[in-house]
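Engineer: Hey, dropping work.cif in here, mmCIF, C-alpha atoms:
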data_entry
loop_
_atom_site.label_atom_id
_atom_site.label_comp_id
_atom_site.auth_asym_id
_atom_site.auth_seq_id
_atom_site.Cartn_x
_atom_site.Cartn_y
_atom_site.Cartn_z
CA MET E 28 -204.95 -176.29 8.08
CA SER E 29 -208.04 -177.78 9.69
CA GLU E 30 -209.93 -176.30 12.61
CA VAL E 31 -209.99 -178.20 15.88
CA VAL E 32 -213.08 -180.37 16.13
CA CYS E 33 -214.92 -180.18 19.44
CA THR E 34 -217.91 -182.02 20.85
CA PRO E 35 -221.10 -180.15 19.88
CA THR E 36 -223.46 -178.90 22.54
CA GLN E 37 -227.00 -180.19 22.42
CA CYS E 38 -229.52 -177.56 21.41
CA SER E 39 -232.64 -177.03 23.45
CA PRO E 40 -235.85 -177.99 21.61
CA THR E 41 -237.52 -174.72 22.52
CA VAL E 42 -237.81 -172.16 19.75
CA MET E 43 -238.88 -168.57 20.35
CA ASN E 44 -241.14 -167.16 17.71
CA GLY E 45 -240.35 -163.50 17.15
CA ARG E 46 -243.98 -162.66 16.42
CA ALA E 47 -245.99 -161.74 19.48
CA GLY E 48 -243.42 -163.46 21.73
CA ARG E 49 -244.95 -166.91 21.51
CA VAL E 50 -242.85 -169.92 22.52
CA ASP E 51 -243.11 -173.06 20.41
CA THR E 52 -241.60 -176.46 21.12
CA VAL E 53 -239.91 -178.39 18.36
CA THR E 54 -239.49 -182.01 19.40
CA ALA E 55 -239.15 -185.23 17.42
CA ARG E 56 -238.97 -184.40 13.75
CA ALA E 57 -241.60 -186.92 12.69
CA ARG E 58 -244.12 -185.68 15.27
CA PHE E 59 -244.12 -181.99 14.39
CA PRO E 60 -243.23 -181.44 10.72
CA ALA E 61 -242.96 -177.78 9.75
CA LYS E 62 -243.90 -176.06 6.52
CA VAL E 63 -240.66 -174.82 4.98
CA LEU E 64 -239.97 -172.77 1.86
CA VAL E 65 -236.59 -173.25 0.18
CA THR E 66 -235.74 -170.61 -2.43
CA GLY E 67 -233.73 -171.55 -5.50
CA ALA E 68 -234.55 -175.19 -4.78
CA SER E 69 -232.81 -176.58 -7.87
CA GLY E 70 -229.43 -175.15 -6.88
CA TYR E 71 -226.34 -176.96 -5.64
CA ILE E 72 -226.78 -176.19 -1.92
CA ALA E 73 -230.57 -175.86 -1.98
CA SER E 74 -231.09 -179.37 -3.42
CA HIS E 75 -229.29 -180.82 -0.42
CA VAL E 76 -231.34 -178.62 1.92
CA VAL E 77 -234.59 -179.88 0.34
CA LYS E 78 -233.40 -183.49 0.65
CA GLN E 79 -232.48 -183.19 4.31
CA LEU E 80 -235.71 -181.38 5.17
CA GLN E 81 -237.78 -184.11 3.52
CA GLU E 82 -235.78 -186.81 5.26
CA ALA E 83 -236.58 -185.07 8.55
CA GLY E 84 -240.30 -185.23 7.79
CA HIS E 85 -240.91 -181.57 6.99
CA GLN E 86 -243.40 -180.34 4.40
CA VAL E 87 -241.29 -178.58 1.78
CA ARG E 88 -242.16 -176.03 -0.86
CA GLY E 89 -239.40 -174.97 -3.24
CA THR E 90 -239.14 -172.03 -5.60
CA VAL E 91 -237.70 -172.30 -9.10
CA ARG E 92 -237.71 -169.90 -12.02
CA SER E 93 -239.76 -172.27 -14.15
CA VAL E 94 -241.55 -175.46 -13.16
CA LYS E 95 -241.58 -176.36 -16.87
CA ASN E 96 -237.79 -176.63 -17.06
CA THR E 97 -237.69 -180.37 -16.43
CA ASP E 98 -233.91 -180.59 -16.82
CA LYS E 99 -233.49 -178.48 -13.70
CA VAL E 100 -236.42 -179.62 -11.56
CA LYS E 101 -237.17 -183.28 -12.26
CA HIS E 102 -234.43 -184.51 -9.90
CA LEU E 103 -236.04 -182.64 -7.01
CA TYR E 104 -239.05 -184.95 -6.96
CA ASN E 105 -236.79 -187.97 -6.45
CA LEU E 106 -234.55 -186.65 -3.67
CA CYS E 107 -236.55 -188.43 -0.99
CA PRO E 108 -238.79 -191.11 -2.57
CA TYR E 109 -240.42 -192.03 0.74
CA ALA E 110 -241.03 -188.48 1.97
CA ALA E 111 -244.05 -188.05 4.22
CA HIS E 112 -245.04 -185.00 2.19
CA LYS E 113 -244.71 -184.59 -1.56
CA LEU E 114 -242.44 -181.74 -2.64
CA GLU E 115 -244.31 -178.70 -3.95
CA LEU E 116 -242.63 -176.46 -6.51
CA VAL E 117 -243.74 -172.91 -7.32
CA GLU E 118 -242.33 -170.24 -9.58
CA ALA E 119 -240.64 -167.12 -8.21
CA ASP E 120 -237.97 -164.74 -9.43
CA LEU E 121 -235.60 -162.72 -7.24
CA MET E 122 -236.35 -159.49 -9.07
CA ASP E 123 -240.11 -159.97 -9.23
CA ALA E 124 -241.36 -158.79 -5.83
CA GLU E 125 -244.95 -159.85 -6.48
CA SER E 126 -243.93 -163.46 -7.13
CA TRP E 127 -242.83 -163.95 -3.52
CA GLN E 128 -246.08 -163.22 -1.72
CA PRO E 129 -247.87 -166.41 -2.84
CA ALA E 130 -244.64 -168.40 -2.42
CA VAL E 131 -244.27 -167.62 1.29
CA GLN E 132 -247.95 -167.91 2.22
CA GLY E 133 -248.65 -170.47 4.95
CA MET E 134 -244.97 -171.17 5.66
CA THR E 135 -243.46 -171.51 9.13
CA TYR E 136 -239.83 -171.20 8.05
CA VAL E 137 -238.09 -169.84 4.98
CA ILE E 138 -234.59 -170.91 3.93
CA HIS E 139 -233.42 -168.33 1.41
CA VAL E 140 -230.62 -169.86 -0.64
CA ALA E 141 -231.25 -168.31 -4.06
CA SER E 142 -228.63 -165.78 -5.12
CA PRO E 143 -226.68 -165.04 -8.30
CA PHE E 144 -223.26 -166.74 -8.48
CA PRO E 145 -221.34 -165.96 -11.68
CA MET E 146 -219.04 -168.32 -13.53
CA THR E 147 -216.98 -165.23 -14.42
CA GLN E 148 -216.82 -161.69 -13.08
CA PRO E 149 -219.38 -159.39 -14.76
CA LYS E 150 -218.40 -156.20 -16.59
CA ASN E 151 -220.69 -154.21 -14.31
CA GLU E 152 -220.73 -155.15 -10.61
CA ASP E 153 -224.38 -154.09 -10.35
CA GLU E 154 -225.28 -157.19 -12.38
CA LEU E 155 -224.51 -159.10 -9.17
CA ILE E 156 -225.12 -156.56 -6.43
CA ILE E 157 -228.65 -155.53 -7.37
CA PRO E 158 -230.14 -159.06 -7.73
CA ALA E 159 -228.39 -160.25 -4.55
CA ARG E 160 -229.43 -157.31 -2.38
CA ASP E 161 -232.82 -156.43 -3.87
CA GLY E 162 -233.74 -160.09 -4.35
CA THR E 163 -233.08 -160.78 -0.67
CA LEU E 164 -235.13 -157.77 0.37
CA ASN E 165 -238.00 -158.86 -1.89
CA VAL E 166 -238.14 -162.19 -0.05
CA LEU E 167 -237.91 -160.56 3.39
CA ARG E 168 -240.61 -158.01 2.62
CA ALA E 169 -242.97 -160.78 1.53
CA CYS E 170 -242.23 -162.73 4.72
CA ALA E 171 -242.97 -159.71 6.88
CA LYS E 172 -246.55 -159.81 5.64
CA VAL E 173 -247.08 -163.45 6.67
CA PRO E 174 -247.66 -163.84 10.43
CA THR E 175 -247.08 -167.60 10.41
CA ILE E 176 -243.40 -167.22 9.51
CA LYS E 177 -241.17 -167.60 12.57
CA ARG E 178 -237.67 -167.52 11.18
CA ILE E 179 -235.71 -167.02 7.98
CA VAL E 180 -232.38 -168.73 7.39
CA LEU E 181 -230.32 -166.75 4.89
CA THR E 182 -227.47 -168.21 2.87
CA SER E 183 -224.66 -165.68 2.85
CA SER E 184 -220.97 -166.49 2.47
CA CYS E 185 -217.54 -166.30 4.07
CA ALA E 186 -217.06 -163.72 1.33
CA SER E 187 -219.02 -161.35 3.57
CA VAL E 188 -217.05 -162.28 6.70
CA GLY E 189 -213.58 -161.46 5.43
CA TRP E 190 -212.41 -161.98 1.87
CA GLU E 191 -209.64 -159.42 1.71
CA PRO E 192 -206.14 -160.87 1.27
CA ARG E 193 -204.56 -161.90 4.59
CA GLY E 194 -201.19 -163.11 5.81
CA GLU E 195 -200.35 -166.57 7.13
CA ASN E 196 -199.98 -165.50 10.76
CA GLU E 197 -203.19 -163.51 11.08
CA PRO E 198 -205.94 -164.95 13.32
CA PRO E 199 -208.97 -166.74 11.81
CA ARG E 200 -211.95 -164.59 10.93
CA THR E 201 -215.04 -164.87 13.12
CA GLU E 202 -218.70 -163.93 12.74
CA ALA E 203 -217.85 -160.50 14.20
CA ASP E 204 -215.81 -159.66 11.08
CA TRP E 205 -217.14 -158.02 7.94
CA THR E 206 -215.58 -157.75 4.51
CA ASP E 207 -214.36 -154.32 3.38
CA VAL E 208 -216.34 -153.97 0.15
CA ASP E 209 -213.79 -151.54 -1.28
CA LYS E 210 -211.12 -154.27 -1.34
CA VAL E 211 -212.91 -157.24 -2.93
CA ASP E 212 -214.46 -158.45 -6.18
CA ALA E 213 -218.05 -157.96 -7.29
CA TYR E 214 -219.31 -161.29 -5.95
CA SER E 215 -217.87 -160.74 -2.45
CA LYS E 216 -219.24 -157.22 -2.46
CA SER E 217 -222.69 -158.46 -3.48
CA LYS E 218 -222.83 -161.05 -0.68
CA THR E 219 -221.68 -158.50 1.91
CA LEU E 220 -224.15 -155.82 0.88
CA ALA E 221 -227.03 -158.33 0.63
CA GLU E 222 -226.40 -159.70 4.11
CA ARG E 223 -226.01 -156.24 5.66
CA ALA E 224 -229.28 -155.19 4.01
CA ALA E 225 -231.02 -158.25 5.49
CA TRP E 226 -229.87 -157.51 9.04
CA GLU E 227 -230.85 -153.86 8.69
CA PHE E 228 -234.29 -154.79 7.37
CA VAL E 229 -234.99 -157.21 10.25
CA ARG E 230 -233.87 -154.66 12.85
CA GLY E 231 -236.42 -152.24 11.43
CA LEU E 232 -239.40 -154.60 11.80
CA SER E 233 -241.91 -154.18 14.60
CA GLY E 234 -245.02 -155.84 15.99
CA GLU E 235 -246.58 -158.61 13.97
CA GLU E 236 -244.13 -158.08 11.12
CA ARG E 237 -241.21 -159.33 13.19
CA PHE E 238 -239.50 -162.64 12.50
CA GLU E 239 -236.13 -164.10 13.46
CA LEU E 240 -233.12 -164.20 11.15
CA ALA E 241 -230.22 -166.65 11.18
CA VAL E 242 -227.41 -166.51 8.63
CA ILE E 243 -225.17 -169.25 7.25
CA ASN E 244 -221.75 -168.17 5.93
CA PRO E 245 -220.12 -171.05 4.02
CA SER E 246 -216.64 -171.00 2.50
CA LEU E 247 -216.00 -172.62 -0.90
CA VAL E 248 -218.58 -175.42 -1.05
CA LEU E 249 -217.50 -178.80 -2.43
CA GLY E 250 -219.02 -182.27 -2.35
CA PRO E 251 -221.29 -184.36 -4.59
CA PRO E 252 -224.04 -182.46 -6.44
CA LEU E 253 -227.60 -183.76 -6.56
CA HIS E 254 -228.52 -182.06 -9.82
CA GLY E 255 -227.33 -181.90 -13.37
CA SER E 256 -226.82 -178.15 -13.75
CA ALA E 257 -223.46 -176.43 -13.81
CA CYS E 258 -222.40 -174.16 -10.95
CA SER E 259 -219.19 -172.51 -9.79
CA SER E 260 -218.27 -175.28 -7.35
CA VAL E 261 -218.76 -177.92 -10.02
CA ASP E 262 -216.75 -175.85 -12.49
CA VAL E 263 -213.71 -175.75 -10.16
CA MET E 264 -213.57 -179.55 -9.93
CA LYS E 265 -214.37 -180.04 -13.60
CA GLN E 266 -211.46 -177.81 -14.61
CA LEU E 267 -209.08 -179.93 -12.52
CA LEU E 268 -210.28 -183.31 -13.79
CA GLU E 269 -210.19 -182.11 -17.39
CA LYS E 270 -206.90 -180.22 -16.93
CA GLN E 271 -208.35 -177.10 -18.45
CA THR E 272 -205.35 -175.27 -17.01
CA PRO E 273 -201.86 -176.83 -17.03
CA VAL E 274 -200.75 -175.15 -13.79
CA LEU E 275 -202.39 -174.06 -10.56
CA PRO E 276 -202.23 -170.69 -8.77
CA ARG E 277 -200.44 -170.47 -5.40
CA MET E 278 -203.69 -170.19 -3.49
CA ASN E 279 -205.15 -171.51 -0.26
CA LEU E 280 -208.84 -172.41 -0.33
CA ALA E 281 -211.19 -172.45 2.65
CA ILE E 282 -213.56 -175.33 1.90
CA VAL E 283 -216.58 -177.14 3.33
CA ASP E 284 -218.83 -180.03 2.30
CA VAL E 285 -222.19 -179.17 0.73
CA ARG E 286 -223.96 -181.73 2.95
CA ASP E 287 -222.61 -180.04 6.07
CA VAL E 288 -223.74 -176.66 4.76
CA ALA E 289 -227.23 -178.05 4.16
CA GLN E 290 -227.31 -179.54 7.64
CA ALA E 291 -226.29 -176.19 9.09
CA HIS E 292 -229.28 -174.56 7.38
CA VAL E 293 -231.68 -177.16 8.73
CA ARG E 294 -230.25 -176.89 12.26
CA ALA E 295 -230.29 -173.07 12.16
CA MET E 296 -233.98 -173.21 11.31
CA THR E 297 -234.95 -174.32 14.82
CA SER E 298 -231.94 -173.90 17.11
CA PRO E 299 -232.77 -171.20 19.70
CA ASP E 300 -229.19 -169.96 19.79
CA ALA E 301 -229.05 -169.54 16.02
CA ALA E 302 -231.56 -166.68 15.91
CA GLY E 303 -229.95 -163.29 15.49
CA ASN E 304 -226.55 -164.76 14.64
CA ARG E 305 -224.19 -165.54 11.78
CA HIS E 306 -222.62 -169.00 11.43
CA ILE E 307 -219.39 -169.62 9.57
CA CYS E 308 -219.35 -173.00 7.85
CA ASN E 309 -215.82 -174.12 7.06
CA ALA E 310 -214.04 -177.45 7.40
CA ALA E 311 -210.44 -176.88 6.37
CA THR E 312 -208.00 -174.79 4.39
CA MET E 313 -206.16 -176.56 1.57
CA GLN E 314 -203.76 -175.39 -1.10
CA PHE E 315 -205.01 -175.62 -4.67
CA ALA E 316 -202.04 -177.87 -5.46
CA GLN E 317 -202.90 -180.20 -2.57
CA ILE E 318 -206.34 -180.75 -4.07
CA GLY E 319 -204.65 -181.47 -7.39
CA VAL E 320 -202.27 -184.02 -5.83
CA LEU E 321 -205.16 -185.73 -4.02
CA LEU E 322 -207.23 -186.01 -7.20
CA LYS E 323 -204.28 -187.21 -9.26
CA SER E 324 -203.53 -189.99 -6.76
CA VAL E 325 -207.02 -191.46 -7.26
CA PHE E 326 -207.92 -190.46 -10.81
CA GLY E 327 -204.51 -190.40 -12.49
CA PRO E 328 -204.50 -194.22 -12.78
CA GLN E 329 -208.02 -193.95 -14.20
CA GLY E 330 -206.93 -191.83 -17.14
CA TYR E 331 -207.38 -188.29 -15.80
CA ASP E 332 -204.42 -185.93 -16.19
CA VAL E 333 -204.95 -183.66 -13.17
CA PRO E 334 -202.63 -180.64 -12.89
CA THR E 335 -200.43 -180.46 -9.77
CA CYS E 336 -197.72 -177.95 -10.70
CA VAL E 337 -197.90 -174.48 -9.14
CA ALA E 338 -197.61 -171.51 -11.48
CA PRO E 339 -195.00 -168.87 -10.64
CA ASP E 340 -196.66 -165.73 -9.33
CA PHE E 341 -195.30 -163.65 -12.22
CA MET E 342 -197.20 -165.92 -14.65
CA ILE E 343 -200.51 -165.10 -12.97
CA ARG E 344 -199.65 -161.39 -12.97
CA PHE E 345 -198.85 -161.50 -16.68
CA ALA E 346 -202.01 -163.48 -17.48
CA SER E 347 -204.12 -160.98 -15.51
CA CYS E 348 -203.31 -158.35 -18.14
CA PHE E 349 -205.63 -160.04 -20.61
CA ASP E 350 -207.48 -162.84 -18.74
CA LYS E 351 -210.44 -162.00 -16.48
CA GLN E 352 -210.15 -165.18 -14.40
CA ALA E 353 -206.46 -164.57 -13.70
CA ARG E 354 -207.28 -160.96 -12.77
CA THR E 355 -209.79 -162.25 -10.21
CA LEU E 356 -207.26 -164.68 -8.72
CA LEU E 357 -204.38 -162.22 -8.53
CA PRO E 358 -205.27 -160.53 -5.19
CA HIS E 359 -205.50 -163.95 -3.51
CA ILE E 360 -202.12 -165.34 -4.55
CA GLY E 361 -200.43 -166.51 -1.35
CA ASP E 362 -203.50 -165.53 0.67
CA PHE E 363 -204.53 -167.60 3.72
CA LYS E 364 -208.25 -168.06 4.21
CA LEU E 365 -208.73 -169.03 7.86
CA PHE E 366 -212.16 -169.04 9.52
CA ASP E 367 -213.33 -169.96 13.02
CA ASN E 368 -216.07 -172.61 12.77
CA THR E 369 -216.92 -172.74 16.50
CA ARG E 370 -220.59 -171.80 16.04
CA MET E 371 -220.99 -174.39 13.30
CA ARG E 372 -219.74 -177.10 15.64
CA GLU E 373 -220.97 -176.00 19.06
CA VAL E 374 -224.23 -174.15 18.34
CA LEU E 375 -225.51 -176.00 15.27
CA GLY E 376 -223.86 -179.30 16.21
CA VAL E 377 -222.49 -179.86 12.71
CA GLN E 378 -219.20 -181.77 12.71
CA PRO E 379 -217.31 -181.08 9.46
CA ARG E 380 -216.66 -184.02 7.18
CA GLU E 381 -213.15 -185.01 6.20
CA MET E 382 -212.55 -182.87 3.12
CA ARG E 383 -210.47 -185.51 1.37
CA ASP E 384 -213.60 -187.64 1.27
CA SER E 385 -215.68 -184.70 0.04
CA ILE E 386 -213.29 -183.96 -2.81
CA ILE E 387 -213.01 -187.57 -4.00
CA GLU E 388 -216.77 -188.18 -3.67
CA MET E 389 -217.48 -185.00 -5.63
CA ALA E 390 -215.12 -186.03 -8.43
CA TYR E 391 -216.77 -189.44 -8.73
CA ALA E 392 -220.21 -187.82 -8.73
CA LEU E 393 -219.22 -185.49 -11.57
CA ILE E 394 -217.99 -188.42 -13.65
CA GLU E 395 -220.98 -190.64 -12.89
CA ASN E 396 -223.46 -187.84 -13.63
CA GLY E 397 -221.90 -186.83 -16.92
CA PHE E 398 -220.28 -183.51 -15.97
CA VAL E 399 -216.92 -185.09 -16.82
CA LYS E 400 -216.51 -187.82 -19.45
CA LYS E 401 -215.58 -191.34 -18.43
CA THR E 402 -212.18 -192.44 -19.71
CA LYS E 403 -211.44 -195.94 -20.98
CA LYS E 404 -209.53 -196.60 -17.75
CA TYR E 405 -212.30 -195.37 -15.47
CA ARG E 406 -213.29 -198.05 -12.96
CA GLY E 407 -215.47 -196.19 -10.42
CA PRO E 408 -215.15 -195.83 -6.64
CA GLY E 409 -212.52 -198.11 -5.14
CA GLY E 410 -214.00 -198.67 -1.69
CA PRO E 411 -212.22 -198.80 1.71
CA GLU E 412 -208.80 -199.72 0.28
CA GLU E 413 -208.81 -196.70 -1.99
CA ARG E 414 -209.83 -194.45 0.90
CA GLN E 415 -207.06 -195.85 3.07
CA ARG E 416 -204.52 -194.96 0.38
CA TYR E 417 -205.65 -191.40 -0.19
CA MET E 418 -206.06 -190.71 3.52
CA ALA E 419 -202.42 -191.78 4.05
CA LEU E 420 -201.21 -189.56 1.22
CA GLN E 421 -198.79 -186.80 2.21
CA LEU E 422 -200.12 -183.56 0.74
#
Could you quickly redo this structure as structure tokens?
Structural biologist:
Amino acid sequence: MSEVVCTPTQCSPTVMNGRAGRVDTVTARARFPAKVLVTGASGYIASHVVKQLQEAGHQVRGTVRSVKNTDKVKHLYNLCPYAAHKLELVEADLMDAESWQPAVQGMTYVIHVASPFPMTQPKNEDELIIPARDGTLNVLRACAKVPTIKRIVLTSSCASVGWEPRGENEPPRTEADWTDVDKVDAYSKSKTLAERAAWEFVRGLSGEERFELAVINPSLVLGPPLHGSACSSVDVMKQLLEKQTPVLPRMNLAIVDVRDVAQAHVRAMTSPDAAGNRHICNAATMQFAQIGVLLKSVFGPQGYDVPTCVAPDFMIRFASCFDKQARTLLPHIGDFKLFDNTRMREVLGVQPREMRDSIIEMAYALIENGFVKKTKKYRGPGGPEERQRYMALQL
């Protein structure tokens, strides 16, 4: 089920700086580039944020764990070859509070994307909760000491908006909703506690320490990656293309394109109405099997055996007795993830992409970039005719 798409409202160019009540005007992007820090710059979402900021003419500094890890950082320097300002990379670690003070110095905006995202559930939930919450607070505390910083955009998740199992006829979740941390997995709990801690911290600031906070809450993020490192979103698509599981769980996935999520971050950085608010980023809700059918229609003829059959619920229950991944999926069998994306569309002016395009483009990107091996039948993107066929497909 897709949300209704409305015409976005145009945001005023005036931005209120929370420090000392000054009013600043943000006009044409090329005329007034801002200094922006992006944390976790080599990540799936953050790479797209860096790219869009550079394309808009901003001066970008990114944090990574190690500038010497060329496999993870070399692609960042080529995201925008004709950028007005060369990308600067500095080292910082979520759990090293002292590393953030030099990283945020001189910045006008901070987009805090870095956060742990496990490929599997940890044995101890604190392995996720502590880095997510304390890492966020380390960044915010450093920012509070830098008077030039006007606003922080925090990447949270729909997992903090409402990730408990819900029925088909229940209304979509909105930014007013919060996840009950006693009813969800460790990752959802970590995102909820980290975001709540951020809002509480900002409310406690006063005087020259004050800055604005805007939060982005994306659902499951799909779309073409810009880097060569594995992540959870990439792993979902990789498992389907490689048929790592013969059947699919009876699940509904709330999904959104990574490029739209990045655009939401960039828009939230300066939109006056974004300050002090959360913003759900979601494009559609699709069944796992529908994604499988879509992929099979395009990649089946190219030699990829994509699963499309739905596993009986009892099979998932049985597997959960000894398989961690199945145990994580079990509470969401038959669940409907519905989210209201009004603020995404009307406040940030981000119109969600067609998710069929996002899924197919992501699959091609994974094959072209070596995440998934090319088969002998692989022929590459098929152009407008291919798109016409998969858009007409009954899912």
Engineer: Could you check which of E:Val288, E:Val94, E:Ala110, E:Val63 is closest to Gln81 in chain E, using all atoms listed in the file?
Structural biologist: E:Ala110
Engineer: Rounded to one decimal place, report the CA of Glu227 in chain E-CA of Leu164 in chain E distance in Å.
Structural biologist: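 Computing the Euclidean distance for CA of Glu227 in chain E and CA of Leu164 in chain E yields 10.1 Å.
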Engineer: Please, which residues are within 8 Å of (-230.5, -174.4, -11.8) by the file's coordinates, counting only C-alpha atoms, and could they come as a ChimeraX atom specification?
Structural biologist: /E:67,69-71,91,99-100,256-257
Engineer: Once the PyMOL selection byres ((chain E and resi 175-181) around 6) is applied to the coordinates I shared, what remains selected? I want it as a PyMOL selection string.
Structural biologist: chain E and resi 44+134-139+173-174+182+238-242
Engineer: Dump C-alpha atoms for the selected residues as a PDB file, keeping the file's coordinate frame?
Structural biologist:
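Dumped everything to selection_24.pdb:
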ATOM      1  CA  ASN E  44    -241.140-167.160  17.710  1.00  0.00           C
ATOM      2  CA  MET E 134    -244.970-171.170   5.660  1.00  0.00           C
ATOM      3  CA  THR E 135    -243.460-171.510   9.130  1.00  0.00           C
ATOM      4  CA  TYR E 136    -239.830-171.200   8.050  1.00  0.00           C
ATOM      5  CA  VAL E 137    -238.090-169.840   4.980  1.00  0.00           C
ATOM      6  CA  ILE E 138    -234.590-170.910   3.930  1.00  0.00           C
ATOM      7  CA  HIS E 139    -233.420-168.330   1.410  1.00  0.00           C
ATOM      8  CA  VAL E 173    -247.080-163.450   6.670  1.00  0.00           C
ATOM      9  CA  PRO E 174    -247.660-163.840  10.430  1.00  0.00           C
ATOM     10  CA  THR E 182    -227.470-168.210   2.870  1.00  0.00           C
ATOM     11  CA  PHE E 238    -239.500-162.640  12.500  1.00  0.00           C
ATOM     12  CA  GLU E 239    -236.130-164.100  13.460  1.00  0.00           C
ATOM     13  CA  LEU E 240    -233.120-164.200  11.150  1.00  0.00           C
ATOM     14  CA  ALA E 241    -230.220-166.650  11.180  1.00  0.00           C
ATOM     15  CA  VAL E 242    -227.410-166.510   8.630  1.00  0.00           C
TER      16      VAL E 242
END
Engineer: Kindly give the distance, in Å, that separates CA of Leu155 in chain E and CA of Ser93 in chain E, rounded to a single decimal.
Structural biologist: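 Value for the CA of Leu155 in chain E-CA of Ser93 in chain E distance: 20.8 Å.
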Engineer: Excluding range 372-388 of chain E and its own-chain neighbours fewer than 6 positions away, which residues fall within 10 Å of it when counting all atoms listed in the file? Please give them as number ranges by chain.
Structural biologist: E: 29-38, 248-252, 264, 282-301, 306-313, 318, 321-322, 325-326, 408, 414, 417-418
Engineer: Interatomic distance between CA of Asn279 in chain E and CA of Asp367 in chain E?
Structural biologist: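 Interatomic distance, CA of Asn279 in chain E to CA of Asp367 in chain E: 15.7 Å.
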Engineer: Which residue, E:Lys404, E:Arg237, E:Arg92, E:His75, has the smallest gap to Lys172 in chain E when you use all atoms listed in the file?
Structural biologist: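 Among the listed residues, the smallest separation from Lys172 in chain E belongs to E:Arg237.
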Engineer: Can you list, as a VMD selection string, every protein, DNA or RNA residue that comes within 6 Å of Leu64 in chain E when you count only C-alpha atoms, leaving out same-chain residues fewer than 6 positions away?
Structural biologist: chain E and resid 87 to 89 137
